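> Mind having a look at this structure? Questions to follow.
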Amino acid sequence: MAQKQELENKRSTKETLLTPRFYTTNFDEMAKMDISINQQEFEAILEEFRVDYNKNHFIRDEEFNKSWNNLDEKTRALFIEFLERSCTAEFSGFLLYKELSRRIKDQSPVLAECFALMSRDEARHAGFLNKAMADFNLSLDLGFLTKSRKYTFFSPKFIFYATYLSEKIGYWRYITIYRHLEKHQEFRIYPIFKFFENWCQDENRHGDFFAALLRSQPQFLNNWQSRLWCRFFLLSVFATMYLNDFQRLDFYSSIGLDARQFDIQVIRKTNESAGRVFPVALNVDNPQFFQLLDKCSCQNRMLIELNNSSNSFISNSLMKVSAYTKLIWNLMRLFFMRPINTTDTWNTIR
């Protein structure tokens, strides 16, 4: 009954720009890519994937057998949402990597095997998260998700930018939470957090694979268009996380974290990692950078409140136009903020 109810909840979930998305791409273009200039790095990465360091990691221990009904209703709801969003994101990666492996295996066997092994990792993550949801008498119907969700088309280079950043920001999120809870175990409200240290190494290895893909295609990094796209994807990933987490301050508070400080640390670390691959990084040390993200978060929250308000249609529409205008303006200010040129030195500002 609970699973059926959860399935109905999934049917009625409203998709927004900030929800985890499912992607597809040009598989023929991907299959025809020449990776020869970076062949040795790919073979080394493939050997690491084959080792399968986390083969025996995702095994639930006796701590999971406890009852979790003692969590207060608000914390429980926030934690379930965290599990649901994380499971959906991991499952999205599994589907993309599995399909890429299947579609390019004849033309590019090394890449195909890398994608197959990454899909193995993502399936484990999604399955582990879904089992965690079962502890709260819920589960995601992953088959239903596969058929019902809309797929967003990205060209291969956009897949590379977005997925590289997604994997790296996932690493920094998981390891930051793990290190915090290692020091403050009183906030570890559920045993899944114990698994984050090894788990995030999967994310890190996946990110390294996409870094190798980007380096194998210099045209994706070495012209003025690529510099603009790198800035766009950096800002998109950072702003999406920041706006999402601003809506979930209570969840981070329940595990003893300040959501804003957590996001600032994760963004700084991810930006630094990206600067080793991308030709540009965002200037997160500019005092206005996080101030503008705060303003964007406030406008986004206002839009959410307006969607749930009982104001008149005209009044609501006018306030929404104002909030959207301010949100877009502040995002544009962030995008056009002078970035850091990483092709010279980290501290050189363009």
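Following the order of the structure tokens, chains are lettered A, B, ..., residues in each are numbered from 1, and ligands are numbered from 1.
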With the cut-off set at 9 Å and counting only C-alpha atoms, tabulate each residue of stretch 126-166 of chain A with an atom at most that distance from an atom of stretch 189-198 of chain A, showing the nearest atom pair and its distance in Å to one decimal, ordered by chain and increasing number, as a tab-separated table.


residue	atom	partner	partner_atom	distance
A:Phe128	CA	A:Ile192	CA	8.8
A:Leu129	CA	A:Ile192	CA	8.3
A:Ala132	CA	A:Ile192	CA	7.6

> Need the shell around A:Asp250: protein/DNA/RNA residues with any atom at most 10 Å away, counting only C-alpha atoms. Skip same-chain ones fewer than 5 positions apart. Format as a PyMOL selection string?

chain A and resi 74-75+78-79+245+255-259

> So which residues touch A:Phe210 within 10 Å, counting only C-alpha atoms, skipping near sequence neighbours fewer than 4 positions away, as a list in words?

Phe42, Ile159, Phe160, Tyr161, Ala162, Thr163, Tyr164, Leu165, Glu167, Lys168, Arg205, His206, Leu214, Arg215, Ser216 and Val277 of chain A

> Those residues with N, CA and C atoms, as a tab-separated table (two decimals), in the first residue's frame please?


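Saved result, result-v2.tsv, follows:
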chain	number	residue	atom	x	y	z
A	42	PHE	N	42.71	6.99	-20.65
A	42	PHE	CA	41.46	6.22	-20.64
A	42	PHE	C	41.70	4.77	-20.22
A	159	ILE	N	26.93	17.43	-22.46
A	159	ILE	CA	26.90	16.30	-21.53
A	159	ILE	C	28.20	16.25	-20.74
A	160	PHE	N	29.33	16.46	-21.43
A	160	PHE	CA	30.64	16.41	-20.77
A	160	PHE	C	30.77	17.49	-19.71
A	161	TYR	N	30.45	18.74	-20.09
A	161	TYR	CA	30.54	19.84	-19.13
A	161	TYR	C	29.65	19.57	-17.90
A	162	ALA	N	28.38	19.27	-18.18
A	162	ALA	CA	27.40	19.14	-17.10
A	162	ALA	C	27.69	17.94	-16.21
A	163	THR	N	28.05	16.81	-16.83
A	163	THR	CA	28.24	15.60	-16.03
A	163	THR	C	29.55	15.66	-15.26
A	164	TYR	N	30.59	16.22	-15.85
A	164	TYR	CA	31.84	16.41	-15.11
A	164	TYR	C	31.57	17.21	-13.83
A	165	LEU	N	30.85	18.32	-13.98
A	165	LEU	CA	30.58	19.16	-12.81
A	165	LEU	C	29.64	18.46	-11.83
A	167	GLU	N	29.40	15.24	-11.24
A	167	GLU	CA	30.16	14.22	-10.50
A	167	GLU	C	31.09	14.87	-9.47
A	168	LYS	N	31.76	15.95	-9.86
A	168	LYS	CA	32.70	16.59	-8.94
A	168	LYS	C	31.98	17.28	-7.79
A	205	ARG	N	35.99	9.38	-9.31
A	205	ARG	CA	36.52	8.65	-10.46
A	205	ARG	C	35.70	8.94	-11.72
A	206	HIS	N	34.39	9.04	-11.58
A	206	HIS	CA	33.55	9.38	-12.74
A	206	HIS	C	33.91	10.78	-13.26
A	214	LEU	N	37.03	15.45	-21.87
A	214	LEU	CA	37.17	16.85	-22.28
A	214	LEU	C	38.58	17.13	-22.80
A	215	ARG	N	39.59	16.59	-22.14
A	215	ARG	CA	40.97	16.81	-22.61
A	215	ARG	C	41.23	16.12	-23.95
A	216	SER	N	40.49	15.06	-24.22
A	216	SER	CA	40.67	14.36	-25.50
A	216	SER	C	40.04	15.11	-26.67
A	277	VAL	N	40.64	21.72	-15.26
A	277	VAL	CA	40.19	21.16	-16.53
A	277	VAL	C	39.65	22.26	-17.47

> As a PyMOL selection string, which residues of stretch 43-111 of chain A does DSSP assign to alpha helix (DSSP H)?

chain A and resi 43-51+73-104+109-111

> Please produce a file of the residues just selected, as a CSV table (one decimal), in the first residue's frame, where the atoms kept are N, CA and C atoms.


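Done, and the output landed in out_35.csv:
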chain,number,residue,atom,x,y,z
A,43,GLU,N,42.8,4.2,-20.7
A,43,GLU,CA,43.1,2.8,-20.3
A,43,GLU,C,43.4,2.7,-18.8
A,44,ALA,N,44.1,3.7,-18.3
A,44,ALA,CA,44.3,3.7,-16.8
A,44,ALA,C,43.0,3.8,-16.0
A,45,ILE,N,42.2,4.7,-16.5
A,45,ILE,CA,40.9,4.9,-15.8
A,45,ILE,C,40.0,3.6,-15.9
A,46,LEU,N,40.1,3.0,-17.1
A,46,LEU,CA,39.3,1.8,-17.2
A,46,LEU,C,39.8,0.7,-16.3
A,47,GLU,N,41.1,0.6,-16.1
A,47,GLU,CA,41.6,-0.4,-15.1
A,47,GLU,C,41.2,-0.1,-13.7
A,48,GLU,N,41.1,1.2,-13.4
A,48,GLU,CA,40.6,1.5,-12.0
A,48,GLU,C,39.1,1.1,-11.9
A,49,PHE,N,38.3,1.4,-12.9
A,49,PHE,CA,36.9,1.0,-12.9
A,49,PHE,C,36.8,-0.5,-12.7
A,50,ARG,N,37.6,-1.3,-13.4
A,50,ARG,CA,37.5,-2.8,-13.4
A,50,ARG,C,37.9,-3.3,-12.0
A,51,VAL,N,38.7,-2.6,-11.2
A,51,VAL,CA,39.1,-3.0,-9.9
A,51,VAL,C,37.8,-3.1,-9.0
A,73,GLU,N,8.3,14.5,12.6
A,73,GLU,CA,7.7,14.5,11.3
A,73,GLU,C,8.4,15.4,10.3
A,74,LYS,N,8.8,16.5,10.7
A,74,LYS,CA,9.4,17.5,9.8
A,74,LYS,C,10.8,17.0,9.3
A,75,THR,N,11.6,16.5,10.2
A,75,THR,CA,12.9,15.9,9.9
A,75,THR,C,12.7,14.7,9.0
A,76,ARG,N,11.8,13.9,9.3
A,76,ARG,CA,11.5,12.7,8.5
A,76,ARG,C,11.1,13.1,7.0
A,77,ALA,N,10.2,14.1,6.9
A,77,ALA,CA,9.8,14.5,5.5
A,77,ALA,C,11.0,15.1,4.8
A,78,LEU,N,11.8,15.9,5.4
A,78,LEU,CA,13.0,16.5,4.8
A,78,LEU,C,14.0,15.4,4.3
A,79,PHE,N,14.2,14.4,5.2
A,79,PHE,CA,15.2,13.4,4.9
A,79,PHE,C,14.7,12.5,3.8
A,80,ILE,N,13.4,12.2,3.7
A,80,ILE,CA,12.8,11.4,2.6
A,80,ILE,C,13.0,12.2,1.3
A,81,GLU,N,12.8,13.5,1.3
A,81,GLU,CA,12.9,14.3,0.1
A,81,GLU,C,14.4,14.2,-0.3
A,82,PHE,N,15.3,14.3,0.6
A,82,PHE,CA,16.8,14.2,0.3
A,82,PHE,C,17.1,12.8,-0.4
A,83,LEU,N,16.5,11.7,0.2
A,83,LEU,CA,16.7,10.4,-0.4
A,83,LEU,C,16.1,10.3,-1.8
A,84,GLU,N,14.9,10.8,-1.9
A,84,GLU,CA,14.2,10.8,-3.2
A,84,GLU,C,15.0,11.5,-4.3
A,85,ARG,N,15.4,12.7,-4.0
A,85,ARG,CA,16.1,13.5,-5.0
A,85,ARG,C,17.5,12.9,-5.4
A,86,SER,N,18.2,12.4,-4.3
A,86,SER,CA,19.5,11.7,-4.6
A,86,SER,C,19.3,10.4,-5.4
A,87,CYS,N,18.3,9.7,-5.1
A,87,CYS,CA,18.0,8.4,-5.8
A,87,CYS,C,17.7,8.7,-7.3
A,88,THR,N,16.8,9.7,-7.5
A,88,THR,CA,16.5,10.1,-8.9
A,88,THR,C,17.7,10.5,-9.7
A,89,ALA,N,18.6,11.3,-9.1
A,89,ALA,CA,19.8,11.8,-9.7
A,89,ALA,C,20.7,10.7,-10.1
A,90,GLU,N,20.9,9.7,-9.2
A,90,GLU,CA,21.8,8.6,-9.4
A,90,GLU,C,21.2,7.7,-10.5
A,91,PHE,N,19.9,7.5,-10.5
A,91,PHE,CA,19.2,6.6,-11.5
A,91,PHE,C,19.3,7.3,-12.9
A,92,SER,N,19.2,8.6,-12.9
A,92,SER,CA,19.4,9.3,-14.2
A,92,SER,C,20.7,9.1,-14.8
A,93,GLY,N,21.8,9.1,-13.9
A,93,GLY,CA,23.1,8.8,-14.4
A,93,GLY,C,23.3,7.4,-14.9
A,94,PHE,N,22.7,6.4,-14.2
A,94,PHE,CA,22.7,5.0,-14.6
A,94,PHE,C,22.1,4.9,-16.0
A,95,LEU,N,20.9,5.5,-16.2
A,95,LEU,CA,20.3,5.3,-17.5
A,95,LEU,C,21.1,5.9,-18.7
A,96,LEU,N,21.7,7.1,-18.4
A,96,LEU,CA,22.5,7.7,-19.5
A,96,LEU,C,23.7,6.9,-19.8
A,97,TYR,N,24.5,6.5,-18.7
A,97,TYR,CA,25.7,5.7,-19.0
A,97,TYR,C,25.4,4.3,-19.6
A,98,LYS,N,24.3,3.7,-19.2
A,98,LYS,CA,24.0,2.4,-19.7
A,98,LYS,C,23.7,2.5,-21.2
A,99,GLU,N,22.9,3.5,-21.6
A,99,GLU,CA,22.6,3.7,-23.0
A,99,GLU,C,23.8,4.1,-23.8
A,100,LEU,N,24.6,4.9,-23.3
A,100,LEU,CA,25.9,5.3,-24.0
A,100,LEU,C,26.7,4.1,-24.2
A,101,SER,N,26.9,3.2,-23.3
A,101,SER,CA,27.7,2.0,-23.4
A,101,SER,C,27.1,1.1,-24.5
A,102,ARG,N,25.8,1.0,-24.5
A,102,ARG,CA,25.1,0.1,-25.5
A,102,ARG,C,25.3,0.6,-26.9
A,103,ARG,N,25.2,2.0,-27.1
A,103,ARG,CA,25.1,2.6,-28.4
A,103,ARG,C,26.5,2.8,-29.0
A,104,ILE,N,27.6,2.8,-28.2
A,104,ILE,CA,28.9,3.1,-28.8
A,104,ILE,C,29.9,1.9,-28.7
A,109,PRO,N,35.1,0.7,-28.0
A,109,PRO,CA,34.9,-0.3,-26.9
A,109,PRO,C,35.5,0.2,-25.6
A,110,VAL,N,36.6,1.0,-25.6
A,110,VAL,CA,37.1,1.4,-24.3
A,110,VAL,C,36.2,2.4,-23.6
A,111,LEU,N,35.7,3.3,-24.4
A,111,LEU,CA,34.7,4.3,-23.8
A,111,LEU,C,33.4,3.5,-23.4

> Report the closest atom pair, with its distance in Å rounded to one decimal, for each residue of stretch 15-113 of chain A that has an atom no farther than 7 Å from stretch 139-157 of chain A; count only C-alpha atoms, sort by chain and then rising residue number, and write it as CSV.


residue,atom,partner,partner_atom,distance
A:Phe22,CA,A:Tyr151,CA,4.9
A:Tyr23,CA,A:Thr152,CA,4.7
A:Thr24,CA,A:Phe153,CA,4.9
A:Thr25,CA,A:Phe154,CA,5.2
A:Asn26,CA,A:Ser155,CA,5.9
A:Met30,CA,A:Pro156,CA,6.3

> Could you tell me how far atom CA of A:Asn283 lies from atom CA of A:Ile340, in Å and to one decimal?

5.8 Å

> Given the choices A:Leu334, A:Leu181, A:Met319, A:Ala126, which gets closest to A:Leu235 if the distance is worked out from only C-alpha atoms?

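Of A:Leu334, A:Leu181, A:Met319, A:Ala126, the one nearest A:Leu235 is A:Leu334, counting only C-alpha atoms.
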
> Which residues, written as a list in words, have at least one atom at most 10 Å from A:Tyr242, with only C-alpha atoms counted and residues fewer than 2 positions away on the same chain left out?

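The residues satisfying every condition are Ser236, Val237, Phe238, Ala239, Thr240, Asn244, Asp245, Phe246, Gln247, Arg248, Ala259, Arg260, Phe262, Asp263, Ile264, Ile267, Phe290, Leu293, Asp294, Cys296 and Ser297 of chain A.
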
> Could you save those same residues with N, CA, C and O atoms as a compact mmCIF listing (two decimals), in the first residue's frame?


# COMPACT_ATOMS: atom_id res chain seq x y z
N SER A 236 25.39 27.48 -13.79
CA SER A 236 24.14 26.72 -13.74
C SER A 236 24.16 25.69 -12.61
O SER A 236 23.21 25.56 -11.84
N VAL A 237 25.26 24.94 -12.52
CA VAL A 237 25.37 23.91 -11.49
C VAL A 237 25.43 24.53 -10.10
O VAL A 237 24.75 24.07 -9.16
N PHE A 238 26.21 25.59 -9.94
CA PHE A 238 26.33 26.22 -8.63
C PHE A 238 25.00 26.86 -8.20
O PHE A 238 24.57 26.72 -7.05
N ALA A 239 24.38 27.58 -9.12
CA ALA A 239 23.12 28.27 -8.77
C ALA A 239 22.02 27.26 -8.47
O ALA A 239 21.22 27.47 -7.55
N THR A 240 21.96 26.17 -9.23
CA THR A 240 20.93 25.16 -8.99
C THR A 240 21.08 24.57 -7.59
O THR A 240 20.10 24.43 -6.85
N ASN A 244 18.38 25.27 -4.57
CA ASN A 244 17.75 24.08 -3.99
C ASN A 244 17.99 24.02 -2.49
O ASN A 244 17.06 23.77 -1.71
N ASP A 245 19.23 24.21 -2.08
CA ASP A 245 19.56 24.07 -0.66
C ASP A 245 18.97 25.20 0.17
O ASP A 245 18.68 25.02 1.36
N PHE A 246 18.77 26.36 -0.44
CA PHE A 246 18.14 27.48 0.27
C PHE A 246 16.71 27.13 0.66
O PHE A 246 16.18 27.65 1.64
N GLN A 247 16.09 26.23 -0.12
CA GLN A 247 14.73 25.78 0.20
C GLN A 247 14.73 24.71 1.29
O GLN A 247 13.67 24.35 1.80
N ARG A 248 15.90 24.18 1.64
CA ARG A 248 15.99 23.04 2.54
C ARG A 248 16.91 23.32 3.73
O ARG A 248 17.70 22.48 4.14
N ALA A 259 23.41 25.53 5.90
CA ALA A 259 23.29 25.26 4.47
C ALA A 259 24.11 26.23 3.63
O ALA A 259 24.76 25.83 2.65
N ARG A 260 24.11 27.50 3.99
CA ARG A 260 24.83 28.49 3.21
C ARG A 260 26.34 28.24 3.27
O ARG A 260 27.03 28.25 2.24
N PHE A 262 27.82 25.47 4.03
CA PHE A 262 28.06 24.20 3.35
C PHE A 262 28.18 24.42 1.84
O PHE A 262 29.12 23.95 1.18
N ASP A 263 27.23 25.16 1.27
CA ASP A 263 27.25 25.41 -0.17
C ASP A 263 28.47 26.23 -0.59
O ASP A 263 29.07 25.98 -1.65
N ILE A 264 28.82 27.21 0.22
CA ILE A 264 29.99 28.03 -0.10
C ILE A 264 31.24 27.16 -0.17
O ILE A 264 32.05 27.27 -1.11
N ILE A 267 31.03 24.85 -3.31
CA ILE A 267 31.25 25.62 -4.54
C ILE A 267 32.72 25.98 -4.69
O ILE A 267 33.29 25.86 -5.79
N PHE A 290 28.59 35.54 -3.80
CA PHE A 290 27.61 34.86 -2.95
C PHE A 290 26.48 35.80 -2.52
O PHE A 290 25.36 35.34 -2.25
N LEU A 293 24.05 35.35 -5.27
CA LEU A 293 23.37 34.06 -5.14
C LEU A 293 22.31 34.12 -4.04
O LEU A 293 21.23 33.52 -4.17
N ASP A 294 22.60 34.85 -2.97
CA ASP A 294 21.60 35.02 -1.90
C ASP A 294 20.36 35.73 -2.44
O ASP A 294 19.23 35.35 -2.12
N CYS A 296 19.34 35.76 -5.54
CA CYS A 296 18.64 34.80 -6.42
C CYS A 296 17.81 33.82 -5.60
O CYS A 296 16.67 33.50 -5.97
N SER A 297 18.35 33.36 -4.49
CA SER A 297 17.64 32.41 -3.64
C SER A 297 16.38 33.04 -3.05
O SER A 297 15.33 32.38 -2.97
